[in-house]
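The data block below is query-v5.pdb; it holds PDB, C-alpha atoms and all ligand atoms.
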```pdb
MODEL        1
ATOM      1  CA  PHE A   1       8.012 -16.810 -19.873
ATOM      2  CA  ALA A   2       6.499 -13.395 -20.542
ATOM      3  CA  ASP A   3       3.835 -14.667 -22.933
ATOM      4  CA  ARG A   4       1.314 -16.348 -20.684
ATOM      5  CA  ASP A   5      -1.931 -15.782 -18.847
ATOM      6  CA  GLY A   6      -2.023 -14.642 -15.268
ATOM      7  CA  THR A   7      -1.412 -11.570 -13.192
ATOM      8  CA  ILE A   8       1.680 -10.007 -11.682
ATOM      9  CA  TRP A   9       1.712  -7.559  -8.797
ATOM     10  CA  LEU A  10       3.610  -4.440  -9.897
ATOM     11  CA  ASP A  11       3.939  -1.297  -7.797
ATOM     12  CA  GLY A  12       0.754  -1.878  -5.895
ATOM     13  CA  GLU A  13      -1.484  -3.160  -8.663
ATOM     14  CA  MET A  14      -2.363  -6.445 -10.275
ATOM     15  CA  VAL A  15      -1.270  -6.240 -13.904
ATOM     16  CA  PRO A  16      -2.001  -8.777 -16.681
ATOM     17  CA  TRP A  17       1.079 -11.024 -17.071
ATOM     18  CA  ARG A  18       1.868  -9.897 -20.638
ATOM     19  CA  GLU A  19       1.654  -6.229 -19.682
ATOM     20  CA  ALA A  20       3.992  -6.312 -16.686
ATOM     21  CA  LYS A  21       6.818  -4.604 -18.584
ATOM     22  CA  VAL A  22       9.681  -2.191 -17.986
ATOM     23  CA  HIS A  23      11.681   0.136 -20.256
ATOM     24  CA  VAL A  24      15.050  -0.919 -21.773
ATOM     25  CA  LEU A  25      16.699   1.835 -19.741
ATOM     26  CA  THR A  26      15.650   0.197 -16.488
ATOM     27  CA  HIS A  27      18.586   0.966 -14.204
ATOM     28  CA  THR A  28      18.791  -2.463 -12.556
ATOM     29  CA  LEU A  29      19.023  -4.075 -15.989
ATOM     30  CA  HIS A  30      22.185  -2.081 -16.648
ATOM     31  CA  TYR A  31      24.039  -2.259 -13.351
ATOM     32  CA  GLY A  32      22.475  -5.185 -11.475
ATOM     33  CA  LEU A  33      21.630  -3.329  -8.299
ATOM     34  CA  GLY A  34      18.347  -4.790  -7.168
ATOM     35  CA  VAL A  35      17.140  -7.262  -4.550
ATOM     36  CA  PHE A  36      14.891 -10.249  -4.764
ATOM     37  CA  GLU A  37      13.554 -13.334  -3.050
ATOM     38  CA  GLY A  38      12.656 -16.874  -3.963
ATOM     39  CA  VAL A  39       9.707 -18.143  -1.967
ATOM     40  CA  ARG A  40       7.548 -21.240  -2.267
ATOM     41  CA  ALA A  41       3.923 -22.004  -1.564
ATOM     42  CA  TYR A  42       2.756 -25.570  -1.024
ATOM     43  CA  ALA A  43      -0.598 -27.289  -1.020
ATOM     44  CA  THR A  44      -1.503 -28.342   2.491
ATOM     45  CA  ALA A  45      -4.133 -30.879   3.516
ATOM     46  CA  ASP A  46      -6.257 -28.605   5.676
ATOM     47  CA  ARG A  47      -5.282 -24.971   5.010
ATOM     48  CA  GLY A  48      -5.141 -24.804   1.207
ATOM     49  CA  ALA A  49      -2.109 -23.217  -0.429
ATOM     50  CA  CYS A  50       0.297 -21.881   2.185
ATOM     51  CA  ILE A  51       3.450 -19.813   1.754
ATOM     52  CA  PHE A  52       6.415 -21.251   3.619
ATOM     53  CA  ARG A  53       8.211 -18.837   5.951
ATOM     54  CA  LEU A  54       6.765 -15.791   4.214
ATOM     55  CA  ARG A  55       7.677 -13.450   7.061
ATOM     56  CA  GLU A  56      11.343 -14.516   7.038
ATOM     57  CA  HIS A  57      11.640 -14.116   3.258
ATOM     58  CA  THR A  58      10.023 -10.698   3.434
ATOM     59  CA  ASP A  59      12.318  -9.645   6.274
ATOM     60  CA  ARG A  60      15.310 -10.750   4.212
ATOM     61  CA  LEU A  61      14.058  -8.757   1.202
ATOM     62  CA  PHE A  62      13.869  -5.627   3.349
ATOM     63  CA  ASN A  63      17.279  -6.334   4.857
ATOM     64  CA  SER A  64      18.754  -6.793   1.376
ATOM     65  CA  ALA A  65      17.286  -3.416   0.353
ATOM     66  CA  LYS A  66      18.685  -1.802   3.497
ATOM     67  CA  ILE A  67      22.160  -3.175   2.826
ATOM     68  CA  LEU A  68      22.070  -1.784  -0.728
ATOM     69  CA  ARG A  69      20.463   1.471   0.432
ATOM     70  CA  MET A  70      17.409   1.022  -1.760
ATOM     71  CA  PRO A  71      14.468   2.887  -0.298
ATOM     72  CA  MET A  72      11.454   0.578  -0.149
ATOM     73  CA  PRO A  73       8.271   2.283  -1.313
ATOM     74  CA  PHE A  74       5.976  -0.288   0.332
ATOM     75  CA  ASP A  75       5.786  -1.517   3.892
ATOM     76  CA  LYS A  76       6.126  -5.126   4.923
ATOM     77  CA  THR A  77       2.428  -5.663   5.431
ATOM     78  CA  THR A  78       1.721  -4.585   1.856
ATOM     79  CA  LEU A  79       4.309  -6.983   0.488
ATOM     80  CA  LEU A  80       3.166  -9.860   2.685
ATOM     81  CA  GLU A  81      -0.321  -9.305   1.274
ATOM     82  CA  ALA A  82       0.949  -8.905  -2.310
ATOM     83  CA  GLN A  83       2.653 -12.299  -2.110
ATOM     84  CA  ARG A  84      -0.473 -13.978  -0.791
ATOM     85  CA  ALA A  85      -2.519 -12.249  -3.486
ATOM     86  CA  VAL A  86      -0.447 -13.426  -6.472
ATOM     87  CA  VAL A  87      -0.747 -17.062  -5.435
ATOM     88  CA  ARG A  88      -4.455 -16.660  -4.804
ATOM     89  CA  GLU A  89      -5.298 -14.677  -7.926
ATOM     90  CA  ASN A  90      -3.351 -16.984 -10.211
ATOM     91  CA  ASN A  91      -5.231 -19.946  -8.697
ATOM     92  CA  LEU A  92      -2.042 -21.740  -7.752
ATOM     93  CA  ASP A  93      -2.004 -24.636  -5.282
ATOM     94  CA  GLU A  94       1.767 -24.771  -5.307
ATOM     95  CA  ALA A  95       3.988 -21.988  -6.531
ATOM     96  CA  TYR A  96       7.387 -20.408  -6.685
ATOM     97  CA  LEU A  97       7.162 -16.708  -5.860
ATOM     98  CA  ARG A  98       9.529 -14.051  -7.058
ATOM     99  CA  PRO A  99       9.371 -10.687  -5.308
ATOM    100  CA  MET A 100      11.919  -8.199  -6.600
ATOM    101  CA  ALA A 101      12.739  -4.557  -5.923
ATOM    102  CA  PHE A 102      14.534  -2.750  -8.742
ATOM    103  CA  TYR A 103      15.422   0.723  -9.897
ATOM    104  CA  GLY A 104      13.402   2.046 -12.817
ATOM    105  CA  SER A 105      14.288   4.140 -15.846
ATOM    106  CA  GLU A 106      14.034   7.516 -14.081
ATOM    107  CA  GLY A 107      17.739   8.118 -14.595
ATOM    108  CA  MET A 108      20.890   6.661 -16.131
ATOM    109  CA  GLY A 109      24.456   6.220 -15.039
ATOM    110  CA  LEU A 110      25.987   5.299 -11.709
ATOM    111  CA  ARG A 111      25.360   8.808 -10.410
ATOM    112  CA  ALA A 112      21.647   8.866 -11.175
ATOM    113  CA  ASP A 113      19.898  10.398  -8.196
ATOM    114  CA  SER A 114      16.304  10.463  -9.354
ATOM    115  CA  LEU A 115      15.788   6.701  -9.271
ATOM    116  CA  LYS A 116      12.647   5.154  -7.895
ATOM    117  CA  THR A 117      12.420   1.685  -6.430
ATOM    118  CA  HIS A 118       9.797  -0.438  -8.143
ATOM    119  CA  VAL A 119       8.518  -3.685  -6.704
ATOM    120  CA  MET A 120       7.071  -6.709  -8.440
ATOM    121  CA  VAL A 121       5.811 -10.088  -7.277
ATOM    122  CA  ALA A 122       5.178 -12.948  -9.697
ATOM    123  CA  ALA A 123       4.231 -16.553  -8.968
ATOM    124  CA  TRP A 124       4.203 -19.633 -11.156
ATOM    125  CA  GLU A 125       4.262 -23.403 -10.926
ATOM    126  CA  TRP A 126       7.788 -24.709 -10.554
ATOM    127  CA  PRO A 127       7.550 -28.262  -9.271
ATOM    128  CA  SER A 128      11.174 -29.316  -9.361
ATOM    129  CA  TYR A 129      14.253 -27.106  -9.596
ATOM    130  CA  MET A 130      16.608 -29.958 -10.497
ATOM    131  CA  ASN A 131      15.758 -33.211 -12.192
ATOM    132  CA  PRO A 132      13.127 -34.992 -10.059
ATOM    133  CA  GLU A 133      15.446 -37.981  -9.491
ATOM    134  CA  ALA A 134      17.804 -35.691  -7.573
ATOM    135  CA  ARG A 135      15.631 -35.677  -4.490
ATOM    136  CA  ASP A 136      15.885 -39.439  -3.993
ATOM    137  CA  HIS A 137      19.290 -40.301  -5.391
ATOM    138  CA  GLY A 138      21.309 -37.120  -5.100
ATOM    139  CA  ILE A 139      23.317 -35.075  -7.560
ATOM    140  CA  LYS A 140      26.808 -34.917  -9.002
ATOM    141  CA  VAL A 141      28.651 -31.782  -7.950
ATOM    142  CA  ARG A 142      31.808 -30.119  -9.170
ATOM    143  CA  THR A 143      33.982 -27.691  -7.209
ATOM    144  CA  SER A 144      33.883 -24.422  -9.091
ATOM    145  CA  SER A 145      36.859 -22.620 -10.583
ATOM    146  CA  TYR A 146      35.003 -19.419  -9.634
ATOM    147  CA  THR A 147      35.490 -18.099  -6.109
ATOM    148  CA  ARG A 148      32.402 -17.195  -4.075
ATOM    149  CA  HIS A 149      31.869 -13.567  -3.152
ATOM    150  CA  HIS A 150      34.260 -11.903  -0.783
ATOM    151  CA  VAL A 151      32.596  -9.911   1.985
ATOM    152  CA  ASN A 152      34.219  -6.692   0.903
ATOM    153  CA  ILE A 153      33.601  -7.052  -2.817
ATOM    154  CA  THR A 154      29.877  -7.561  -2.692
ATOM    155  CA  MET A 155      27.375  -7.741   0.103
ATOM    156  CA  CYS A 156      26.820 -11.450   0.777
ATOM    157  CA  LYS A 157      23.977 -10.891   3.236
ATOM    158  CA  ALA A 158      21.937  -9.211   0.526
ATOM    159  CA  LYS A 159      20.106 -11.363  -1.980
ATOM    160  CA  ALA A 160      21.121  -8.960  -4.706
ATOM    161  CA  ASN A 161      20.502  -9.388  -8.432
ATOM    162  CA  GLY A 162      24.125  -8.744  -9.424
ATOM    163  CA  ASN A 163      25.429 -11.381  -7.016
ATOM    164  CA  TYR A 164      23.981 -14.018  -9.313
ATOM    165  CA  ILE A 165      26.451 -13.417 -12.142
ATOM    166  CA  ASN A 166      28.916 -15.354 -10.006
ATOM    167  CA  SER A 167      26.319 -18.104  -9.423
ATOM    168  CA  MET A 168      25.471 -18.399 -13.116
ATOM    169  CA  LEU A 169      29.108 -18.613 -14.181
ATOM    170  CA  ALA A 170      29.697 -21.365 -11.643
ATOM    171  CA  LEU A 171      26.526 -23.275 -12.476
ATOM    172  CA  ARG A 172      27.122 -23.082 -16.236
ATOM    173  CA  GLU A 173      30.650 -24.385 -15.781
ATOM    174  CA  ALA A 174      29.414 -27.253 -13.577
ATOM    175  CA  LEU A 175      26.666 -28.207 -16.051
ATOM    176  CA  ASP A 176      29.131 -28.091 -18.959
ATOM    177  CA  SER A 177      31.390 -30.524 -17.097
ATOM    178  CA  GLY A 178      28.525 -33.010 -16.690
ATOM    179  CA  ALA A 179      27.744 -32.161 -13.058
ATOM    180  CA  GLU A 180      24.397 -30.878 -11.801
ATOM    181  CA  GLU A 181      25.541 -28.187  -9.396
ATOM    182  CA  ALA A 182      28.653 -26.241  -8.428
ATOM    183  CA  LEU A 183      30.303 -26.221  -5.028
ATOM    184  CA  MET A 184      31.699 -22.770  -4.472
ATOM    185  CA  LEU A 185      34.682 -22.031  -2.234
ATOM    186  CA  ASP A 186      35.344 -18.733  -0.482
ATOM    187  CA  ASN A 187      38.369 -16.579  -1.223
ATOM    188  CA  GLU A 188      40.447 -18.571   1.268
ATOM    189  CA  GLY A 189      39.476 -21.868  -0.331
ATOM    190  CA  TYR A 190      36.928 -23.058   2.232
ATOM    191  CA  VAL A 191      33.500 -24.385   1.283
ATOM    192  CA  ALA A 192      30.910 -21.609   1.013
ATOM    193  CA  GLU A 193      27.747 -22.803  -0.760
ATOM    194  CA  GLY A 194      26.212 -23.957  -4.039
ATOM    195  CA  SER A 195      25.208 -21.561  -6.806
ATOM    196  CA  GLY A 196      21.807 -21.174  -5.129
ATOM    197  CA  GLU A 197      21.918 -23.426  -2.065
ATOM    198  CA  ASN A 198      23.561 -23.770   1.316
ATOM    199  CA  VAL A 199      25.522 -26.932   2.016
ATOM    200  CA  PHE A 200      25.638 -29.407   4.904
ATOM    201  CA  VAL A 201      28.034 -32.247   5.739
ATOM    202  CA  VAL A 202      27.373 -35.270   7.967
ATOM    203  CA  ARG A 203      30.342 -37.094   9.416
ATOM    204  CA  LYS A 204      30.610 -39.512  12.332
ATOM    205  CA  GLY A 205      27.200 -38.586  13.669
ATOM    206  CA  ARG A 206      27.731 -34.812  13.533
ATOM    207  CA  ILE A 207      26.323 -32.227  11.171
ATOM    208  CA  PHE A 208      28.376 -29.295   9.904
ATOM    209  CA  THR A 209      27.694 -26.305   7.716
ATOM    210  CA  PRO A 210      29.878 -23.324   6.768
ATOM    211  CA  ASP A 211      29.428 -20.247   8.933
ATOM    212  CA  LEU A 212      27.621 -17.337   7.305
ATOM    213  CA  THR A 213      30.665 -15.220   6.395
ATOM    214  CA  SER A 214      30.434 -15.595   2.639
ATOM    215  CA  CYS A 215      27.202 -17.460   2.029
ATOM    216  CA  LEU A 216      23.604 -16.413   2.014
ATOM    217  CA  ASP A 217      21.741 -16.714   5.321
ATOM    218  CA  GLY A 218      19.405 -19.338   3.902
ATOM    219  CA  ILE A 219      15.928 -19.778   5.276
ATOM    220  CA  THR A 220      15.956 -23.481   4.398
ATOM    221  CA  ARG A 221      19.307 -23.682   6.210
ATOM    222  CA  ASP A 222      17.654 -22.179   9.256
ATOM    223  CA  THR A 223      14.750 -24.619   8.939
ATOM    224  CA  ILE A 224      17.208 -27.539   8.896
ATOM    225  CA  PHE A 225      18.756 -26.224  12.145
ATOM    226  CA  THR A 226      15.344 -26.458  13.822
ATOM    227  CA  LEU A 227      14.523 -29.876  12.373
ATOM    228  CA  ALA A 228      17.950 -31.290  13.265
ATOM    229  CA  ALA A 229      17.591 -29.973  16.837
ATOM    230  CA  GLU A 230      14.377 -31.942  17.093
ATOM    231  CA  LEU A 231      16.378 -35.056  16.234
ATOM    232  CA  GLY A 232      18.933 -34.159  18.894
ATOM    233  CA  TYR A 233      21.610 -32.671  16.614
ATOM    234  CA  ALA A 234      23.200 -29.295  17.281
ATOM    235  CA  ILE A 235      24.525 -28.264  13.869
ATOM    236  CA  GLU A 236      28.077 -26.943  14.024
ATOM    237  CA  GLU A 237      28.931 -23.859  11.950
ATOM    238  CA  ARG A 238      32.579 -23.816  11.019
ATOM    239  CA  ARG A 239      35.079 -23.756   8.194
ATOM    240  CA  ILE A 240      34.826 -26.821   5.978
ATOM    241  CA  THR A 241      37.291 -27.960   3.343
ATOM    242  CA  ARG A 242      36.337 -29.600   0.075
ATOM    243  CA  ASP A 243      38.101 -32.823   1.059
ATOM    244  CA  GLU A 244      35.909 -33.071   4.146
ATOM    245  CA  LEU A 245      33.055 -33.473   1.686
ATOM    246  CA  TYR A 246      34.980 -36.167  -0.199
ATOM    247  CA  ILE A 247      35.125 -38.277   2.979
ATOM    248  CA  ALA A 248      31.755 -37.262   4.427
ATOM    249  CA  ASP A 249      29.180 -39.894   5.336
ATOM    250  CA  GLU A 250      26.503 -37.680   3.796
ATOM    251  CA  ALA A 251      26.227 -34.234   2.256
ATOM    252  CA  PHE A 252      23.293 -32.212   1.019
ATOM    253  CA  PHE A 253      22.245 -28.839  -0.362
ATOM    254  CA  THR A 254      19.335 -26.751   0.924
ATOM    255  CA  GLY A 255      17.412 -23.918  -0.694
ATOM    256  CA  THR A 256      13.878 -22.758  -1.307
ATOM    257  CA  ALA A 257      14.009 -23.761  -4.978
ATOM    258  CA  ALA A 258      16.181 -26.877  -4.570
ATOM    259  CA  GLU A 259      14.590 -27.870  -1.218
ATOM    260  CA  VAL A 260      16.770 -30.629   0.346
ATOM    261  CA  VAL A 261      18.995 -32.360  -2.217
ATOM    262  CA  PRO A 262      21.526 -35.083  -1.424
ATOM    263  CA  ILE A 263      25.025 -34.813  -2.907
ATOM    264  CA  ARG A 264      26.096 -38.209  -4.218
ATOM    265  CA  GLU A 265      29.364 -37.279  -5.876
ATOM    266  CA  LEU A 266      31.857 -34.423  -5.653
ATOM    267  CA  ASP A 267      34.738 -33.993  -8.119
ATOM    268  CA  GLY A 268      34.591 -37.650  -9.150
ATOM    269  CA  ARG A 269      34.595 -38.936  -5.540
ATOM    270  CA  VAL A 270      31.564 -40.858  -4.358
ATOM    271  CA  VAL A 271      30.197 -39.188  -1.227
ATOM    272  CA  GLY A 272      29.164 -41.687   1.480
ATOM    273  CA  SER A 273      27.019 -44.451   0.015
ATOM    274  CA  GLY A 274      26.708 -42.644  -3.314
ATOM    275  CA  SER A 275      23.022 -42.049  -2.771
ATOM    276  CA  ARG A 276      20.794 -40.309  -0.239
ATOM    277  CA  GLY A 277      22.117 -40.908   3.291
ATOM    278  CA  PRO A 278      19.832 -41.866   6.213
ATOM    279  CA  LEU A 279      20.056 -38.540   8.052
ATOM    280  CA  THR A 280      19.547 -36.597   4.819
ATOM    281  CA  GLU A 281      16.494 -38.739   4.144
ATOM    282  CA  LYS A 282      15.106 -38.054   7.609
ATOM    283  CA  LEU A 283      15.664 -34.280   7.431
ATOM    284  CA  GLN A 284      14.320 -34.157   3.890
ATOM    285  CA  ALA A 285      11.150 -35.990   4.967
ATOM    286  CA  MET A 286      10.735 -33.608   7.915
ATOM    287  CA  TYR A 287      11.239 -30.669   5.573
ATOM    288  CA  PHE A 288       8.540 -31.857   3.169
ATOM    289  CA  ASP A 289       6.218 -32.560   6.078
ATOM    290  CA  SER A 290       6.840 -29.017   7.351
ATOM    291  CA  VAL A 291       6.184 -27.259   4.054
ATOM    292  CA  ARG A 292       3.045 -29.315   3.435
ATOM    293  CA  GLY A 293       1.711 -28.775   6.945
ATOM    294  CA  ASN A 294       1.925 -32.444   7.924
ATOM    295  CA  ARG A 295       3.548 -31.729  11.271
ATOM    296  CA  ARG A 296       2.105 -30.146  14.354
ATOM    297  CA  GLN A 297       5.367 -28.358  15.209
ATOM    298  CA  ASN A 298       6.217 -24.949  13.708
ATOM    299  CA  SER A 299       2.817 -24.362  12.138
ATOM    300  CA  GLU A 300       3.706 -20.633  12.282
ATOM    301  CA  TRP A 301       5.997 -21.275   9.291
ATOM    302  CA  LEU A 302       2.932 -21.526   7.040
ATOM    303  CA  THR A 303       0.841 -18.587   5.867
ATOM    304  CA  PRO A 304      -2.405 -19.493   4.086
ATOM    305  CA  VAL A 305      -3.032 -17.448   0.945
ATOM    306  CA  LYS A 306      -6.784 -17.331   1.588
TER     307      LYS A 306
HETATM  308  N1  LIG B 401      22.641 -19.465  -1.246
HETATM  309  C1  LIG B 401      22.330 -18.800  -2.359
HETATM  310  C2  LIG B 401      23.408 -18.146  -3.135
HETATM  311  C3  LIG B 401      20.996 -18.730  -2.787
HETATM  312  O1  LIG B 401      20.676 -18.079  -3.908
HETATM  313  C4  LIG B 401      19.996 -19.378  -2.049
HETATM  314  C5  LIG B 401      18.561 -19.324  -2.502
HETATM  315  N2  LIG B 401      17.913 -18.165  -2.054
HETATM  316  C6  LIG B 401      20.363 -20.062  -0.878
HETATM  317  C7  LIG B 401      21.706 -20.078  -0.513
HETATM  318  C8  LIG B 401      19.345 -20.732  -0.026
HETATM  319  O2  LIG B 401      18.538 -19.791   0.615
HETATM  320  P1  LIG B 401      17.037 -20.107   1.007
HETATM  321  O3  LIG B 401      17.061 -21.381   1.760
HETATM  322  O4  LIG B 401      16.621 -18.950   1.827
HETATM  323  O5  LIG B 401      16.275 -20.234  -0.260
ENDMDL
END
```
Written as structure tokens, that's how I'd like the structure from this file.
Ligand code: PMP
Amino acid sequence: FADRDGTIWLDGEMVPWREAKVHVLTHTLHYGLGVFEGVRAYATADRGACIFRLREHTDRLFNSAKILRMPMPFDKTTLLEAQRAVVRENNLDEAYLRPMAFYGSEGMGLRADSLKTHVMVAAWEWPSYMNPEARDHGIKVRTSSYTRHHVNITMCKAKANGNYINSMLALREALDSGAEEALMLDNEGYVAEGSGENVFVVRKGRIFTPDLTSCLDGITRDTIFTLAAELGYAIEERRITRDELYIADEAFFTGTAAEVVPIRELDGRVVGSGSRGPLTEKLQAMYFDSVRGNRRQNSEWLTPVK
């Protein structure tokens, strides 16, 4: 991934892709304390490449840094502009963007007090996070043997680098068992989220999602709330058990990378019809129309890169 053409924004400058490097004693590499975002830009019909919900992602990045007490050396305006610039300067019509704030190699050990926060933003083409079939037919999911973060073990509201060890263990286990994603339960055994997605359940004409206690406050999740409201659904946030998913009419994951993905099977039980459900299909279509600027509503969600 490092050996390619292009430019990466690093600490205020555009750097050639191959030269955007750090030292092996980079603090975040050792202890995992850093914050990042996953953002997408889409090609729109009339406004060129646009970044979806850029402001919200940038706000979450700053909130993550605040939670972890990382001083941010750049203001929001600079980072909003940096994200637009990497899409533009790499000539991308559609892109996945990765802003990250990390500690450098100014000191070592947990007590290091001379650390500086560095910030990078990269962007690349990443058309489909899962196999492309997943969007239409759904994925097979396995409940994880790994528990999702507890609110007093790590900070769940921060999109923190180290939090993703838990996600990777769960995802690897799910993939090894022949599933495509993990369903993670909280420390009390209730449904929390996927390894990198929030989860929704449809049953008897109602839509449910876990409350935010131990899952990430997803921006796609929030988008689905708005889209569902337009269809007349008030999404209910509450505790959900894994067996509620077994007997759901529909279930789906949401995330910037994964977008809106139906769940067709959980732990060997067929969920609903075993394919994409009608409400999932509707919300998914509305989501793709939103990100591509094919709807008049919520045009403020899109920021043109030019
Ligand atoms: N949960 C986790 C653990 C995630 O990593 C992500 C992806 N950022 C999400 C949920 C979905 O969040 P968003 O819709 O903001 O991408």
Residues within 8 Å of ligand LIG 401 (chain B) (all atoms listed in the file), as a list in words? Glu37, Gly38, Val39, His57, Lys159, Tyr164, Ser167, Glu193, Gly194, Ser195, Gly196, Glu197, Asn198, Cys215, Leu216, Asp217, Gly218, Ile219, Thr220, Arg221, Asp222, Thr254, Gly255, Thr256, Ala257, Ala258 and Glu259 of chain A
Mind listing as a VMD selection string all residues within 10 Å of (13.1, -11.0, 4.0), counting all atoms listed in the file? chain A and resid 36 to 39 53 to 65 76 158 to 159 219
Could you give me, as a list in words, the residues within 12 Å of Ala95 in chain A, counting only C-alpha atoms and dropping anything in the same chain fewer than 5 positions from it? Gly38, Val39, Arg40, Ala41, Tyr42, Ala43, Ala49, Cys50, Ile51, Phe52, Gln83, Arg84, Val86, Val87, Arg88, Glu89, Asn90, Ala122, Ala123, Trp124, Glu125, Trp126, Pro127, Ser128, Tyr129, Thr256, Ala257 and Val305 of chain A
Let's have the selection written as an mmCIF file, in the coordinates of the input, with C-alpha atoms.
```cif
data_model
loop_
_atom_site.group_PDB
_atom_site.id
_atom_site.type_symbol
_atom_site.label_atom_id
_atom_site.label_comp_id
_atom_site.auth_asym_id
_atom_site.auth_seq_id
_atom_site.Cartn_x
_atom_site.Cartn_y
_atom_site.Cartn_z
ATOM 1 C CA GLY A 38 12.656 -16.874 -3.963
ATOM 2 C CA VAL A 39 9.707 -18.143 -1.967
ATOM 3 C CA ARG A 40 7.548 -21.240 -2.267
ATOM 4 C CA ALA A 41 3.923 -22.004 -1.564
ATOM 5 C CA TYR A 42 2.756 -25.570 -1.024
ATOM 6 C CA ALA A 43 -0.598 -27.289 -1.020
ATOM 7 C CA ALA A 49 -2.109 -23.217 -0.429
ATOM 8 C CA CYS A 50 0.297 -21.881 2.185
ATOM 9 C CA ILE A 51 3.450 -19.813 1.754
ATOM 10 C CA PHE A 52 6.415 -21.251 3.619
ATOM 11 C CA GLN A 83 2.653 -12.299 -2.110
ATOM 12 C CA ARG A 84 -0.473 -13.978 -0.791
ATOM 13 C CA VAL A 86 -0.447 -13.426 -6.472
ATOM 14 C CA VAL A 87 -0.747 -17.062 -5.435
ATOM 15 C CA ARG A 88 -4.455 -16.660 -4.804
ATOM 16 C CA GLU A 89 -5.298 -14.677 -7.926
ATOM 17 C CA ASN A 90 -3.351 -16.984 -10.211
ATOM 18 C CA ALA A 122 5.178 -12.948 -9.697
ATOM 19 C CA ALA A 123 4.231 -16.553 -8.968
ATOM 20 C CA TRP A 124 4.203 -19.633 -11.156
ATOM 21 C CA GLU A 125 4.262 -23.403 -10.926
ATOM 22 C CA TRP A 126 7.788 -24.709 -10.554
ATOM 23 C CA PRO A 127 7.550 -28.262 -9.271
ATOM 24 C CA SER A 128 11.174 -29.316 -9.361
ATOM 25 C CA TYR A 129 14.253 -27.106 -9.596
ATOM 26 C CA THR A 256 13.878 -22.758 -1.307
ATOM 27 C CA ALA A 257 14.009 -23.761 -4.978
ATOM 28 C CA VAL A 305 -3.032 -17.448 0.945
#
```
Excluding same-chain residues fewer than 5 positions from range 209-211 of chain A, what lies within 6 Å of it counting all atoms listed in the file, as a ChimeraX atom specification? /A:200,237-239
How many Å lie between CA of Glu133 in chain A and CA of Arg203 in chain A, rounded to one decimal?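 These two atoms are separated by 24.1 Å.
Relative to CA of Asp289 in chain A, CA of Phe225 in chain A is found at 15.3 Å.
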Out of A:Leu279, A:Ile67, A:Leu110, A:Ala248, which residue has the shortest atom-to-atom distance to Tyr31 in chain A when counting all atoms listed in the file? A:Leu110
Neighbour list for Leu266 in chain A as an MDAnalysis selection string, cut-off 7 Å, only C-alpha atoms, skip fewer than 2 positions in-chain: chainID A and resid 140:142 246 268:271
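For the set A:Gly189, A:Pro304, A:Gly32, A:Gly104, the residue with the smallest atom-to-atom gap to Tyr146 in chain A is A:Gly189, counting all atoms listed in the file.
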Residue among A:Asp136, A:Glu244, A:Asp11, A:Asp186 lying closest to Phe102 in chain A, counting only C-alpha atoms: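 With only C-alpha atoms as the atom set, the closest residue is A:Asp11.
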Need the shell around Leu231 in chain A: protein/DNA/RNA residues with any atom at most 12 Å away, counting only C-alpha atoms. Skip same-chain ones fewer than 4 positions apart. Format as a PyMOL selection string? chain A and resi 205-207+224-227+235+279-280+282-283+286
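Nearest residue to Phe288 in chain A, choosing from A:Thr78, A:Ser275, A:Thr7, A:Thr44 and counting all atoms listed in the file: A:Thr44.
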Decode the PyMOL selection byres (((chain A and resi 139) around 7) and not hetatm) for the given file into explicit residues and return them as a PDB file with C-alpha atoms, in the frame of the given file.
```pdb
ATOM      1  CA  ALA A 134      17.804 -35.691  -7.573  1.00  0.00           C
ATOM      2  CA  HIS A 137      19.290 -40.301  -5.391  1.00  0.00           C
ATOM      3  CA  GLY A 138      21.309 -37.120  -5.100  1.00  0.00           C
ATOM      4  CA  LYS A 140      26.808 -34.917  -9.002  1.00  0.00           C
ATOM      5  CA  VAL A 141      28.651 -31.782  -7.950  1.00  0.00           C
ATOM      6  CA  GLU A 180      24.397 -30.878 -11.801  1.00  0.00           C
ATOM      7  CA  PRO A 262      21.526 -35.083  -1.424  1.00  0.00           C
ATOM      8  CA  ILE A 263      25.025 -34.813  -2.907  1.00  0.00           C
ATOM      9  CA  ARG A 264      26.096 -38.209  -4.218  1.00  0.00           C
ATOM     10  CA  GLU A 265      29.364 -37.279  -5.876  1.00  0.00           C
TER      11      GLU A 265
END
```
Interatomic distance between CA of Leu183 in chain A and CA of Thr223 in chain A? 21.0 Å
Closest of A:Gly48, A:Pro16, A:Gly162, A:Gly272 to Glu94 in chain A - atom-to-atom distances counting all atoms listed in the file: A:Gly48
Compile the contact shell of Cys156 in chain A as a tab-separated table (two decimals) with C-alpha atoms, in the frame of the given file: residues with an atom at most 8 Å away, counting all atoms listed in the file, same-chain residues fewer than 6 positions apart removed.
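In the end it all went to selection-v1.tsv:
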```
chain	number	residue	atom	x	y	z
A	149	HIS	CA	31.87	-13.57	-3.15
A	150	HIS	CA	34.26	-11.90	-0.78
A	163	ASN	CA	25.43	-11.38	-7.02
A	213	THR	CA	30.66	-15.22	6.40
A	214	SER	CA	30.43	-15.60	2.64
A	215	CYS	CA	27.20	-17.46	2.03
A	216	LEU	CA	23.60	-16.41	2.01
```
Looking at all atoms listed in the file, which of A:Arg148, A:Lys21, A:Lys116, A:Arg98 is the one that sits closest to Tyr190 in chain A? A:Arg148
With 5 Å added on each side, what axis-aligned box encloses every listed atom of range 29-32 of chain A? Give the centre and edge lengths in Å to one decimal, as AutoDock Vina command-line options.
```
--center_x 21.5 --center_y -3.6 --center_z -14.1 --size_x 15.0 --size_y 13.1 --size_z 15.2
```
I'd like the residues picked by the PyMOL selection byres (((chain A and resi 18) around 10) and not hetatm) written out as a list of chain:residue names, using the chain letters and numbers from the file.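 Output from the PyMOL selection byres (((chain A and resi 18) around 10) and not hetatm), applied to this file: A:Phe1, A:Ala2, A:Asp3, A:Arg4, A:Asp5, A:Gly6, A:Thr7, A:Ile8, A:Val15, A:Pro16, A:Trp17, A:Glu19, A:Ala20, A:Lys21.
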